[in-house]
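To be precise, the following lines are data-v2.pdb, and they hold PDB, C-alpha atoms.
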```pdb
ATOM      1  CA  MET A   9     -17.943  41.975 -16.499  1.00  0.00           C
ATOM      2  CA  VAL A  10     -16.092  43.641 -13.634  1.00  0.00           C
ATOM      3  CA  SER A  11     -13.719  41.281 -11.845  1.00  0.00           C
ATOM      4  CA  PHE A  12     -11.648  41.465  -8.681  1.00  0.00           C
ATOM      5  CA  LEU A  13      -8.748  39.274  -7.635  1.00  0.00           C
ATOM      6  CA  ILE A  14      -8.960  38.079  -4.036  1.00  0.00           C
ATOM      7  CA  ALA A  15      -5.542  36.827  -2.947  1.00  0.00           C
ATOM      8  CA  TYR A  16      -5.133  35.526   0.577  1.00  0.00           C
ATOM      9  CA  ALA A  17      -2.780  33.573   2.828  1.00  0.00           C
ATOM     10  CA  SER A  18      -4.353  31.290   5.388  1.00  0.00           C
ATOM     11  CA  TRP A  19      -3.035  28.586   7.678  1.00  0.00           C
ATOM     12  CA  SER A  20      -5.843  28.092  10.184  1.00  0.00           C
ATOM     13  CA  GLY A  21      -8.661  28.831   7.736  1.00  0.00           C
ATOM     14  CA  ASN A  22      -9.724  32.130   9.326  1.00  0.00           C
ATOM     15  CA  THR A  23      -8.341  34.332   6.552  1.00  0.00           C
ATOM     16  CA  GLU A  24      -9.817  31.998   3.945  1.00  0.00           C
ATOM     17  CA  GLU A  25     -13.253  32.333   5.598  1.00  0.00           C
ATOM     18  CA  VAL A  26     -12.994  36.120   5.411  1.00  0.00           C
ATOM     19  CA  ALA A  27     -11.957  35.876   1.742  1.00  0.00           C
ATOM     20  CA  GLU A  28     -15.016  33.737   1.027  1.00  0.00           C
ATOM     21  CA  LEU A  29     -17.327  36.240   2.749  1.00  0.00           C
ATOM     22  CA  ILE A  30     -15.784  39.041   0.684  1.00  0.00           C
ATOM     23  CA  ARG A  31     -16.235  36.976  -2.490  1.00  0.00           C
ATOM     24  CA  ASP A  32     -19.894  36.382  -1.654  1.00  0.00           C
ATOM     25  CA  ALA A  33     -20.548  40.045  -0.806  1.00  0.00           C
ATOM     26  CA  LEU A  34     -18.887  41.230  -4.025  1.00  0.00           C
ATOM     27  CA  GLY A  35     -20.893  38.657  -5.944  1.00  0.00           C
ATOM     28  CA  ARG A  36     -24.102  40.195  -4.599  1.00  0.00           C
ATOM     29  CA  GLU A  37     -22.917  43.491  -6.124  1.00  0.00           C
ATOM     30  CA  GLY A  38     -22.413  41.814  -9.515  1.00  0.00           C
ATOM     31  CA  ILE A  39     -18.614  41.612  -9.244  1.00  0.00           C
ATOM     32  CA  ASP A  40     -16.948  38.484 -10.613  1.00  0.00           C
ATOM     33  CA  THR A  41     -14.087  37.283  -8.403  1.00  0.00           C
ATOM     34  CA  THR A  42     -11.091  35.017  -8.738  1.00  0.00           C
ATOM     35  CA  MET A  43      -9.818  33.465  -5.522  1.00  0.00           C
ATOM     36  CA  TYR A  44      -6.105  32.779  -5.212  1.00  0.00           C
ATOM     37  CA  ARG A  45      -4.562  31.150  -2.161  1.00  0.00           C
ATOM     38  CA  ILE A  46      -1.125  32.709  -1.829  1.00  0.00           C
ATOM     39  CA  GLY A  47       1.672  30.183  -2.026  1.00  0.00           C
ATOM     40  CA  PHE A  48      -0.237  27.687  -4.184  1.00  0.00           C
ATOM     41  CA  GLY A  49      -0.092  27.577  -7.964  1.00  0.00           C
ATOM     42  CA  THR A  50       0.753  30.186 -10.539  1.00  0.00           C
ATOM     43  CA  VAL A  51       0.618  33.779  -9.322  1.00  0.00           C
ATOM     44  CA  PRO A  52      -2.178  35.600 -11.171  1.00  0.00           C
ATOM     45  CA  ASP A  53      -1.529  38.887 -12.937  1.00  0.00           C
ATOM     46  CA  PRO A  54      -3.460  41.694 -11.202  1.00  0.00           C
ATOM     47  CA  ARG A  55      -3.523  43.599 -14.523  1.00  0.00           C
ATOM     48  CA  GLU A  56      -6.278  41.196 -15.597  1.00  0.00           C
ATOM     49  CA  TYR A  57      -8.595  42.547 -12.870  1.00  0.00           C
ATOM     50  CA  GLU A  58     -10.175  45.879 -12.007  1.00  0.00           C
ATOM     51  CA  ALA A  59      -9.022  45.633  -8.382  1.00  0.00           C
ATOM     52  CA  MET A  60      -7.094  43.396  -6.022  1.00  0.00           C
ATOM     53  CA  VAL A  61      -8.149  42.434  -2.525  1.00  0.00           C
ATOM     54  CA  ILE A  62      -5.330  40.922  -0.477  1.00  0.00           C
ATOM     55  CA  GLY A  63      -5.630  39.209   2.873  1.00  0.00           C
ATOM     56  CA  SER A  64      -3.101  37.948   5.358  1.00  0.00           C
ATOM     57  CA  PHE A  65      -2.879  36.639   8.853  1.00  0.00           C
ATOM     58  CA  THR A  66      -0.343  38.294  11.148  1.00  0.00           C
ATOM     59  CA  TRP A  67       2.587  36.168  12.170  1.00  0.00           C
ATOM     60  CA  ASP A  68       5.191  36.241  14.930  1.00  0.00           C
ATOM     61  CA  LYS A  69       4.579  39.478  16.826  1.00  0.00           C
ATOM     62  CA  GLY A  70       3.268  41.593  13.955  1.00  0.00           C
ATOM     63  CA  ALA A  71       5.149  40.103  11.005  1.00  0.00           C
ATOM     64  CA  THR A  72       3.838  39.584   7.507  1.00  0.00           C
ATOM     65  CA  PRO A  73       4.162  35.910   6.494  1.00  0.00           C
ATOM     66  CA  ASP A  74       6.967  35.093   4.059  1.00  0.00           C
ATOM     67  CA  GLU A  75       4.571  33.695   1.460  1.00  0.00           C
ATOM     68  CA  VAL A  76       2.750  37.043   1.357  1.00  0.00           C
ATOM     69  CA  LYS A  77       6.041  38.896   0.936  1.00  0.00           C
ATOM     70  CA  ASP A  78       6.956  36.466  -1.858  1.00  0.00           C
ATOM     71  CA  PHE A  79       3.577  37.071  -3.534  1.00  0.00           C
ATOM     72  CA  VAL A  80       4.067  40.848  -3.415  1.00  0.00           C
ATOM     73  CA  ALA A  81       7.567  40.443  -4.878  1.00  0.00           C
ATOM     74  CA  ALA A  82       6.326  38.072  -7.602  1.00  0.00           C
ATOM     75  CA  ILE A  83       3.774  40.650  -8.764  1.00  0.00           C
ATOM     76  CA  GLY A  84       6.642  43.098  -9.164  1.00  0.00           C
ATOM     77  CA  TYR A  85       4.611  46.308  -9.145  1.00  0.00           C
ATOM     78  CA  LYS A  86       1.879  48.019  -7.129  1.00  0.00           C
ATOM     79  CA  PRO A  87      -1.489  47.492  -8.815  1.00  0.00           C
ATOM     80  CA  GLU A  88      -4.303  49.941  -8.219  1.00  0.00           C
ATOM     81  CA  PRO A  89      -6.623  49.836  -6.460  1.00  0.00           C
ATOM     82  CA  VAL A  90      -5.737  47.391  -3.694  1.00  0.00           C
ATOM     83  CA  TYR A  91      -7.899  46.656  -0.660  1.00  0.00           C
ATOM     84  CA  VAL A  92      -6.487  44.829   2.364  1.00  0.00           C
ATOM     85  CA  PHE A  93      -7.915  42.595   5.058  1.00  0.00           C
ATOM     86  CA  GLY A  94      -6.347  40.588   7.819  1.00  0.00           C
ATOM     87  CA  THR A  95      -6.982  38.211  10.646  1.00  0.00           C
ATOM     88  CA  GLY A  96      -5.192  38.180  13.936  1.00  0.00           C
ATOM     89  CA  ASP A  97      -5.359  37.536  17.622  1.00  0.00           C
ATOM     90  CA  THR A  98      -5.009  40.297  20.207  1.00  0.00           C
ATOM     91  CA  GLN A  99      -3.620  37.828  22.743  1.00  0.00           C
ATOM     92  CA  PHE A 100      -0.355  37.831  20.742  1.00  0.00           C
ATOM     93  CA  GLY A 101       0.993  41.377  20.938  1.00  0.00           C
ATOM     94  CA  GLY A 102      -2.123  43.253  22.002  1.00  0.00           C
ATOM     95  CA  ASP A 103      -3.802  46.024  20.060  1.00  0.00           C
ATOM     96  CA  ASP A 104      -0.508  47.471  18.783  1.00  0.00           C
ATOM     97  CA  LEU A 105       0.291  44.353  16.754  1.00  0.00           C
ATOM     98  CA  PHE A 106      -3.260  43.187  16.018  1.00  0.00           C
ATOM     99  CA  CYS A 107      -3.525  42.496  12.273  1.00  0.00           C
ATOM    100  CA  HIS A 108      -0.265  44.383  11.796  1.00  0.00           C
ATOM    101  CA  ALA A 109       0.431  42.531   8.521  1.00  0.00           C
ATOM    102  CA  ALA A 110      -2.757  44.042   7.087  1.00  0.00           C
ATOM    103  CA  VAL A 111      -1.783  47.494   8.332  1.00  0.00           C
ATOM    104  CA  LYS A 112       1.636  47.196   6.674  1.00  0.00           C
ATOM    105  CA  LEU A 113       0.153  45.927   3.406  1.00  0.00           C
ATOM    106  CA  ALA A 114      -2.410  48.733   3.312  1.00  0.00           C
ATOM    107  CA  ARG A 115       0.363  51.270   3.849  1.00  0.00           C
ATOM    108  CA  PHE A 116       2.580  49.639   1.187  1.00  0.00           C
ATOM    109  CA  TYR A 117      -0.192  49.664  -1.406  1.00  0.00           C
ATOM    110  CA  ALA A 118      -1.564  53.069  -0.343  1.00  0.00           C
ATOM    111  CA  SER A 119      -4.989  51.480  -0.114  1.00  0.00           C
ATOM    112  CA  GLY A 120      -7.924  53.832  -0.482  1.00  0.00           C
ATOM    113  CA  CYS A 121      -9.760  52.138   2.396  1.00  0.00           C
ATOM    114  CA  PRO A 122      -8.599  51.258   5.901  1.00  0.00           C
ATOM    115  CA  PRO A 123      -7.688  47.588   6.264  1.00  0.00           C
ATOM    116  CA  LEU A 124     -10.309  45.230   7.600  1.00  0.00           C
ATOM    117  CA  LYS A 125      -9.164  43.610  10.868  1.00  0.00           C
ATOM    118  CA  ILE A 126     -10.852  40.446  12.096  1.00  0.00           C
ATOM    119  CA  GLU A 127     -10.156  38.805  15.440  1.00  0.00           C
ATOM    120  CA  GLN A 128      -9.561  35.127  14.663  1.00  0.00           C
ATOM    121  CA  SER A 129     -12.659  33.828  12.856  1.00  0.00           C
ATOM    122  CA  PRO A 130     -15.358  35.918  11.154  1.00  0.00           C
ATOM    123  CA  ARG A 131     -18.275  34.662  13.230  1.00  0.00           C
ATOM    124  CA  GLY A 132     -21.268  36.594  14.526  1.00  0.00           C
ATOM    125  CA  ILE A 133     -20.852  40.354  14.529  1.00  0.00           C
ATOM    126  CA  GLN A 134     -17.518  40.051  12.747  1.00  0.00           C
ATOM    127  CA  GLU A 135     -19.271  38.493   9.750  1.00  0.00           C
ATOM    128  CA  GLU A 136     -21.357  41.653   9.463  1.00  0.00           C
ATOM    129  CA  LYS A 137     -18.161  43.710   9.788  1.00  0.00           C
ATOM    130  CA  VAL A 138     -16.745  41.872   6.742  1.00  0.00           C
ATOM    131  CA  ILE A 139     -19.896  42.501   4.720  1.00  0.00           C
ATOM    132  CA  GLU A 140     -19.994  46.210   5.635  1.00  0.00           C
ATOM    133  CA  TRP A 141     -16.283  46.642   4.823  1.00  0.00           C
ATOM    134  CA  THR A 142     -16.821  44.946   1.466  1.00  0.00           C
ATOM    135  CA  LYS A 143     -19.694  47.310   0.671  1.00  0.00           C
ATOM    136  CA  GLY A 144     -17.315  50.187   1.405  1.00  0.00           C
ATOM    137  CA  VAL A 145     -14.704  48.669  -0.909  1.00  0.00           C
ATOM    138  CA  TYR A 146     -17.296  48.363  -3.661  1.00  0.00           C
ATOM    139  CA  GLU A 147     -18.452  51.969  -3.158  1.00  0.00           C
ATOM    140  CA  HIS A 148     -14.827  53.169  -3.202  1.00  0.00           C
ATOM    141  CA  TRP A 149     -14.186  51.258  -6.419  1.00  0.00           C
ATOM    142  CA  LEU A 150     -17.356  52.703  -7.980  1.00  0.00           C
ATOM    143  CA  HIS A 151     -16.211  56.210  -7.049  1.00  0.00           C
ATOM    144  CA  LEU A 152     -12.813  55.610  -8.678  1.00  0.00           C
ATOM    145  CA  HIS A 153     -14.492  54.197 -11.757  1.00  0.00           C
ATOM    146  CA  GLU A 154     -16.782  57.231 -12.056  1.00  0.00           C
ATOM    147  CA  LEU A 155     -13.746  59.520 -11.931  1.00  0.00           C
ATOM    148  CA  LYS A 156     -12.183  57.704 -14.909  1.00  0.00           C
ATOM    149  CA  CYS A 157     -15.297  57.937 -17.109  1.00  0.00           C
TER     150      CYS A 157
END
```
Any chance you could give the structure as structure tokens?
Amino acid sequence: MVSFLIAYASWSGNTEEVAELIRDALGREGIDTTMYRIGFGTVPDPREYEAMVIGSFTWDKGATPDEVKDFVAAIGYKPEPVYVFGTGDTQFGGDDLFCHAAVKLARFYASGCPPLKIEQSPRGIQEEKVIEWTKGVYEHWLHLHELKC
């Protein structure tokens, strides 16, 4: 069975909610997922999965939280493919810094899809945005898989 690792950092619960929506959407596509809350427990090995989805909130004027940086360092390499999502709040830094941690992670991992950016909590129309982004991730992964066959 195809499996994805969903690793996320969440303090307020917003990023965790997005991770759960992604898990559910991937599940509808037949993808098995493992959820890992960054900073808690043993760091999973991304080599055991077909893809990694990583999510982070943005901290302190566009910064990536230390626990996410520690997670990236603990992995010790850049798995492929990696898909990135983030939560943020435009009232802290405006559009330039909105979900900047996700932007930086997507650049670092050379993600094949643009990062998903969610304002605070994934309610209403933003929930649909998460589901549509996840469908795009799945389609991208399928395309990569077809190229390897």
Evaluate the PyMOL selection byres ((chain A and resi 118-129) around 6) and record the selected residues as a list of chain:residue names, following the chain and residue labels used in the document.
->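 Going through the file, the PyMOL selection byres ((chain A and resi 118-129) around 6) ends up selecting A:Asn22, A:Val90, A:Tyr91, A:Val92, A:Phe93, A:Gly94, A:Thr95, A:Gly96, A:Asp97, A:Cys107, A:Ala114, A:Arg115, A:Phe116, A:Tyr117, A:Pro130, A:Arg131.
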Expansion of the PyMOL selection byres ((chain A and resi 63-79) around 8) into residues, as a ChimeraX atom specification = /A:14-18,23,27,46-47,51,61-62,80-83,92-96,100-101,105-110,112
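One finds CA of Tyr57 in chain A at 12.7 Å from CA of Tyr44 in chain A.
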Interatomic distance (Å, one decimal) between CA of Leu29 in chain A and CA of Ala59 in chain A | 16.8 Å
Point-to-point distance in Å for CA of Thr42 in chain A and CA of Phe12 in chain A |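 Computed distance, CA of Phe12 in chain A to CA of Thr42 in chain A, equals 6.5 Å.
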Nearest to Ile139 in chain A: which of A:Arg31, A:Met60, A:Val111, A:Thr50 is it, counting only C-alpha atoms?
->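 Nearest to Ile139 in chain A: A:Arg31.
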Using the chain letters and numbering of this document, enumerate as a list in words the residues selected by the PyMOL selection byres ((chain A and resi 39) around 9).
->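 Here the PyMOL selection byres ((chain A and resi 39) around 9) matches Met9, Val10, Ser11, Phe12, Arg31, Ala33, Leu34, Gly35, Arg36, Glu37, Gly38, Asp40, Thr41 and Tyr146 of chain A.
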With C-alpha atoms retained, could you export that selection as a compact mmCIF listing (two decimals), in the coordinates of the input?
```
# COMPACT_ATOMS: atom_id res chain seq x y z
CA MET A 9 -17.94 41.98 -16.50
CA VAL A 10 -16.09 43.64 -13.63
CA SER A 11 -13.72 41.28 -11.84
CA PHE A 12 -11.65 41.46 -8.68
CA ARG A 31 -16.24 36.98 -2.49
CA ALA A 33 -20.55 40.04 -0.81
CA LEU A 34 -18.89 41.23 -4.03
CA GLY A 35 -20.89 38.66 -5.94
CA ARG A 36 -24.10 40.20 -4.60
CA GLU A 37 -22.92 43.49 -6.12
CA GLY A 38 -22.41 41.81 -9.52
CA ASP A 40 -16.95 38.48 -10.61
CA THR A 41 -14.09 37.28 -8.40
CA TYR A 146 -17.30 48.36 -3.66
```
In terms of the shortest atom-to-atom distance over all atoms listed in the file, which of A:Glu88, A:Ile133, A:Met43, A:Leu152 is closest to Ile30 in chain A?
-> A:Met43
Nearest to Glu25 in chain A among A:Glu147, A:Glu140, A:Glu154, A:Glu135, with distances taken over all atoms listed in the file: which residue is it?
-> A:Glu135
